[in-house]
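Some notes on the structure that comes next.
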Amino acid sequence: MGVAETQGATLTTVADVTCPVCGCTCDDLKLTLDGDRVVSTERACGLAEPWFRDQSAARPAIAELDGHSALLKDALDRAAEILAGADAPLVYGLSRSSTPGQRAAVLLADHLGAVVDTTASICHGPSIMAVQKVGESTCTLGEIRNRADLVIFWGCNPAVTHPRHAERYSVFATGRWTPQGRADRKVIMVGDQRYVRNWRLDADGALPDQFISIHPKRDFEVLTALRSLLAGKPLANAERMSETLGVSVDVLADLAQQMKSCRCGIVFFGLGLTETKLDAITETSGQGHLNVENLLKLVAELNAFTRFHARRMRIQGDVTGADSVMCWQTGYPFSVSMSRGYPRYNPGEFSANEVLERGEADVCLLVGTETVSFFSPAARQHLESIPTIVLDYPATVTERLPTVKFTTAVYGLHAPGTIYRMDEVPIGLRPGLKTAYPTDETILRELLTRIAPRAVRASDFD
Ligand code: SF4
């Protein structure tokens, strides 16, 4: 957070606050505080405003045992006892945290021999697998702001998931080579014909220049058609092709031409392309990584003609940071097992949802619970049958009573830290409010101290 100034007797304003709610991590918010509560915000979108108010207003106990307030020491002792006695612990979450908390969670998982997984496994996991296979023509959001004259949103609705993305980075923002902002850009939305025409660029309902609607689950074929057109191979039997894809070949030819002839293009892609449905993970087709692979290949091939990039629209505030910390601590971004004393990576086998579905975890440590409701019914059923230890922010409501619950300080509001924007740019967080809540890093470190005292070295946390 930036400069604080006092307004009257009790109100204080804090400028340049970073918002950790979604992957945009807007760093220009202004909060008005009354003591230790946020009473109003400036430049916070419809997702951020209630989040900041709620996190500062909620006052649950620091520690709870079976739903009852408890002394922190007793809760730590109980949690450590449960974890130390587990045969197959699972550590899950990490995207509503910060680099120090993520590091501590991975370190604890290492010493426990646990499976450790992040929320990426139920959102952009297929995209990460595709990037690992074919690479990614990447860029920062700053480059897009300054250069992009063709912006394509594929399988995503930024008005709902990233309300200020268009304003700050991709559509309306002015840049060095885009001095007129919106007027310097062509904006296209591509997606499932059942939804795409209701998608909007921002919360004010701004429209793209063009909607391209396609049949559900035909992304792979549409991308293949675009690659053929780009390679100068005309599509045979255009009428039948149009019927199959749900979009005319002429529209695709025009899109391919626009992609080739722009100065700098970008495809922002969302979960509509990975085909993972957040409201029912069991509907995942399992082919999402192939869609993303095809898109990444198309974008790489476009670089023979012009400058083109692809970027994921990451949803949770620091899921990108969770990937990064997992990579530098274990070598892999998510779905890692430490059960043999060294990291093994296998999405599906070591993904939290599947581990729980198969009943393989006997204890679950949840570092943030906001995505647990997206687990399959079978996974949730098993989760309810085993001891759970939850670390979460004050205003987060858990679906069921955990065995042990710790309420932790909010990074960026109460505690310093680092989160990663969706383009992997690290952003420092400075606290503006005081709190008695410990950070998740502190709790995890205390647990490790109890479980493996000799394993805790200062260097583990430096
Ligand atoms: S767009 Fe995202 S990061 Fe920006 S204010 Fe809204 S929720 Fe926060």
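Ordering of the structure tokens sets the chain letters (A, B, ...), residue numbers begin anew at 1 in every chain, and ligands are numbered from 1 in the order given.
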Let's see if you can do this: from backbone DSSP, list all strand (DSSP E or B) residues in segment 125-268 of chain A, as a ChimeraX atom specification. /A:150-154,186-192,210-214,264-268
Selection export as a PDB file, in the first residue's frame, atoms kept: C-alpha atoms:
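Produced file result13.pdb, reproduced below:
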```
ATOM      1  CA  LEU A 150      -5.830  -6.933 -32.302  1.00  0.00           C
ATOM      2  CA  VAL A 151      -7.213  -8.365 -29.057  1.00  0.00           C
ATOM      3  CA  ILE A 152      -9.098 -11.664 -29.048  1.00  0.00           C
ATOM      4  CA  PHE A 153     -10.864 -13.083 -25.997  1.00  0.00           C
ATOM      5  CA  TRP A 154     -11.438 -16.808 -26.513  1.00  0.00           C
ATOM      6  CA  LYS A 186      -9.889  -4.320 -32.986  1.00  0.00           C
ATOM      7  CA  VAL A 187     -11.498  -6.494 -30.319  1.00  0.00           C
ATOM      8  CA  ILE A 188     -13.070  -9.904 -31.033  1.00  0.00           C
ATOM      9  CA  MET A 189     -14.743 -12.426 -28.732  1.00  0.00           C
ATOM     10  CA  VAL A 190     -14.778 -16.095 -29.747  1.00  0.00           C
ATOM     11  CA  GLY A 191     -16.688 -18.795 -27.931  1.00  0.00           C
ATOM     12  CA  ASP A 192     -19.489 -21.258 -27.442  1.00  0.00           C
ATOM     13  CA  GLN A 210     -17.092  -8.704 -33.429  1.00  0.00           C
ATOM     14  CA  PHE A 211     -18.546 -11.837 -31.849  1.00  0.00           C
ATOM     15  CA  ILE A 212     -17.606 -15.165 -33.422  1.00  0.00           C
ATOM     16  CA  SER A 213     -19.843 -17.931 -32.106  1.00  0.00           C
ATOM     17  CA  ILE A 214     -18.956 -21.570 -32.651  1.00  0.00           C
ATOM     18  CA  CYS A 264       0.635  -6.983 -32.639  1.00  0.00           C
ATOM     19  CA  GLY A 265      -2.026  -9.515 -31.654  1.00  0.00           C
ATOM     20  CA  ILE A 266      -3.003 -11.316 -28.484  1.00  0.00           C
ATOM     21  CA  VAL A 267      -5.388 -14.130 -27.621  1.00  0.00           C
ATOM     22  CA  PHE A 268      -6.533 -14.095 -24.009  1.00  0.00           C
TER      23      PHE A 268
END
```
Extract, using only C-alpha atoms, all DNA, RNA and protein residues at most 7 Å from Leu245 of chain A, discarding same-chain residues fewer than 6 positions from it, and format them as a VMD selection string. chain A and resid 214 to 215 218 222
How would the residues just chosen look if you wrote them out with N, CA and C atoms as a compact mmCIF listing (two decimals), in the first residue's frame?
```
# COMPACT_ATOMS: atom_id res chain seq x y z
N ILE A 214 -19.25 -20.25 -32.07
CA ILE A 214 -18.96 -21.57 -32.65
C ILE A 214 -19.76 -22.63 -31.90
N HIS A 215 -19.89 -23.80 -32.50
CA HIS A 215 -20.61 -24.88 -31.82
C HIS A 215 -19.86 -25.26 -30.53
N ARG A 218 -16.19 -27.26 -30.19
CA ARG A 218 -15.58 -27.31 -31.53
C ARG A 218 -14.34 -26.41 -31.61
N VAL A 222 -12.02 -25.56 -34.95
CA VAL A 222 -11.94 -24.17 -35.44
C VAL A 222 -10.48 -23.72 -35.49
```
Which of these residues is nearest to Lys133 of chain A, using only C-alpha atoms: A:Val21, A:Leu290, A:Leu229, A:Met422?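 Closest to Lys133 of chain A, using only C-alpha atoms: A:Leu290.
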List the spatial neighbours of Gly23 of chain A as number ranges by chain - criterion: any atom at most 10 Å away, only C-alpha atoms, same-chain residues fewer than 3 positions off excluded. A: 19-20, 26, 161-162, 165, 312-321, 419-424
Residues within 7 Å of Thr439 of chain A, only C-alpha atoms, excluding chain neighbours under 3 positions, as a PyMOL selection string: chain A and resi 408-409+442-443
Output file for the selection above: N, CA and C atoms, as a PDB file, in the first residue's frame:
```pdb
ATOM      1  N   THR A 408      -6.471 -16.493   9.162  1.00  0.00           N
ATOM      2  CA  THR A 408      -5.151 -15.901   8.913  1.00  0.00           C
ATOM      3  C   THR A 408      -5.273 -14.476   8.381  1.00  0.00           C
ATOM      4  N   ALA A 409      -4.198 -13.736   8.532  1.00  0.00           N
ATOM      5  CA  ALA A 409      -4.142 -12.352   8.052  1.00  0.00           C
ATOM      6  C   ALA A 409      -4.260 -12.329   6.530  1.00  0.00           C
ATOM      7  N   THR A 442       3.059 -18.092   9.093  1.00  0.00           N
ATOM      8  CA  THR A 442       3.363 -18.288  10.516  1.00  0.00           C
ATOM      9  C   THR A 442       2.765 -19.598  11.028  1.00  0.00           C
ATOM     10  N   ILE A 443       1.514 -19.850  10.660  1.00  0.00           N
ATOM     11  CA  ILE A 443       0.857 -21.084  11.119  1.00  0.00           C
ATOM     12  C   ILE A 443       1.580 -22.312  10.562  1.00  0.00           C
TER      13      ILE A 443
END
```
For atom CA of Thr32 of chain A and atom CA of Pro394 of chain A, the interatomic separation in Å (one decimal): 19.2 Å
Close residues, segment 374-388 of chain A itself excluded, 9 Å, only C-alpha atoms, min 2 positions apart in chain, as a PyMOL selection string: chain A and resi 79+82+122+277-282+352-359+361-366+370-372+390+400-405
Serialized selection, N, CA and C atoms, as a short mmCIF file (atom, residue, chain, number, x, y, z; two decimals), in the first residue's frame:
```cif
data_model
loop_
_atom_site.label_atom_id
_atom_site.label_comp_id
_atom_site.auth_asym_id
_atom_site.auth_seq_id
_atom_site.Cartn_x
_atom_site.Cartn_y
_atom_site.Cartn_z
N ALA A 79 -3.49 -29.79 15.31
CA ALA A 79 -3.25 -29.90 13.86
C ALA A 79 -1.94 -30.66 13.60
N ILE A 82 -2.48 -34.35 14.15
CA ILE A 82 -3.22 -34.98 13.04
C ILE A 82 -2.30 -35.19 11.84
N ILE A 122 -7.88 -27.49 -11.07
CA ILE A 122 -9.29 -27.48 -11.47
C ILE A 122 -9.61 -26.27 -12.35
N LYS A 277 -15.47 -27.18 -16.63
CA LYS A 277 -16.61 -26.39 -16.17
C LYS A 277 -16.52 -26.22 -14.67
N LEU A 278 -16.45 -24.97 -14.23
CA LEU A 278 -16.26 -24.73 -12.81
C LEU A 278 -17.43 -25.20 -11.97
N ASP A 279 -18.61 -25.31 -12.55
CA ASP A 279 -19.74 -25.72 -11.72
C ASP A 279 -19.90 -27.24 -11.69
N ALA A 280 -19.10 -27.96 -12.42
CA ALA A 280 -19.20 -29.43 -12.39
C ALA A 280 -17.95 -30.01 -13.01
N ILE A 281 -16.97 -30.26 -12.17
CA ILE A 281 -15.67 -30.68 -12.70
C ILE A 281 -15.80 -32.02 -13.43
N THR A 282 -16.81 -32.80 -13.10
CA THR A 282 -16.96 -34.09 -13.75
C THR A 282 -17.32 -33.96 -15.22
N ALA A 352 -5.75 -32.93 -6.59
CA ALA A 352 -6.49 -33.06 -5.33
C ALA A 352 -7.86 -33.70 -5.55
N ASN A 353 -8.57 -33.25 -6.57
CA ASN A 353 -9.92 -33.79 -6.79
C ASN A 353 -9.88 -35.30 -6.99
N GLU A 354 -8.94 -35.77 -7.80
CA GLU A 354 -8.87 -37.20 -8.09
C GLU A 354 -8.34 -37.99 -6.88
N VAL A 355 -7.37 -37.41 -6.17
CA VAL A 355 -6.86 -38.08 -4.96
C VAL A 355 -8.00 -38.31 -3.97
N LEU A 356 -8.85 -37.28 -3.82
CA LEU A 356 -9.98 -37.40 -2.89
C LEU A 356 -11.03 -38.36 -3.44
N GLU A 357 -11.29 -38.28 -4.74
CA GLU A 357 -12.28 -39.20 -5.35
C GLU A 357 -11.91 -40.65 -5.10
N ARG A 358 -10.61 -40.95 -5.19
CA ARG A 358 -10.16 -42.33 -5.01
C ARG A 358 -10.02 -42.70 -3.53
N GLY A 359 -10.28 -41.73 -2.65
CA GLY A 359 -10.21 -42.00 -1.21
C GLY A 359 -8.79 -42.24 -0.73
N ALA A 361 -6.48 -39.89 0.31
CA ALA A 361 -5.96 -39.00 1.35
C ALA A 361 -6.63 -39.33 2.67
N ASP A 362 -5.84 -39.36 3.75
CA ASP A 362 -6.46 -39.59 5.06
C ASP A 362 -6.49 -38.33 5.92
N VAL A 363 -5.87 -37.25 5.47
CA VAL A 363 -5.94 -35.94 6.11
C VAL A 363 -5.80 -34.90 5.02
N CYS A 364 -6.52 -33.78 5.15
CA CYS A 364 -6.36 -32.72 4.14
C CYS A 364 -6.07 -31.39 4.83
N LEU A 365 -4.99 -30.77 4.42
CA LEU A 365 -4.64 -29.42 4.87
C LEU A 365 -5.01 -28.46 3.75
N LEU A 366 -5.98 -27.60 4.01
CA LEU A 366 -6.47 -26.68 2.98
C LEU A 366 -5.92 -25.29 3.26
N GLU A 370 -11.57 -21.62 -1.18
CA GLU A 370 -12.62 -21.07 -2.05
C GLU A 370 -12.98 -21.98 -3.23
N THR A 371 -12.11 -22.88 -3.64
CA THR A 371 -12.44 -23.71 -4.80
C THR A 371 -12.89 -25.13 -4.42
N VAL A 372 -12.98 -25.41 -3.13
CA VAL A 372 -13.39 -26.75 -2.72
C VAL A 372 -14.80 -27.08 -3.24
N VAL A 390 -7.90 -26.27 8.15
CA VAL A 390 -8.17 -25.17 7.21
C VAL A 390 -7.46 -23.90 7.66
N ARG A 400 -18.13 -26.92 5.46
CA ARG A 400 -18.39 -27.75 6.63
C ARG A 400 -17.39 -27.39 7.72
N LEU A 401 -17.66 -27.83 8.92
CA LEU A 401 -16.76 -27.50 10.01
C LEU A 401 -15.47 -28.30 9.88
N PRO A 402 -14.35 -27.63 9.75
CA PRO A 402 -13.09 -28.38 9.72
C PRO A 402 -12.75 -28.88 11.12
N THR A 403 -11.86 -29.85 11.19
CA THR A 403 -11.41 -30.35 12.49
C THR A 403 -10.67 -29.24 13.22
N VAL A 404 -9.77 -28.58 12.49
CA VAL A 404 -9.04 -27.45 13.05
C VAL A 404 -9.10 -26.32 12.04
N LYS A 405 -9.41 -25.11 12.52
CA LYS A 405 -9.46 -23.98 11.60
C LYS A 405 -8.62 -22.83 12.15
#
```
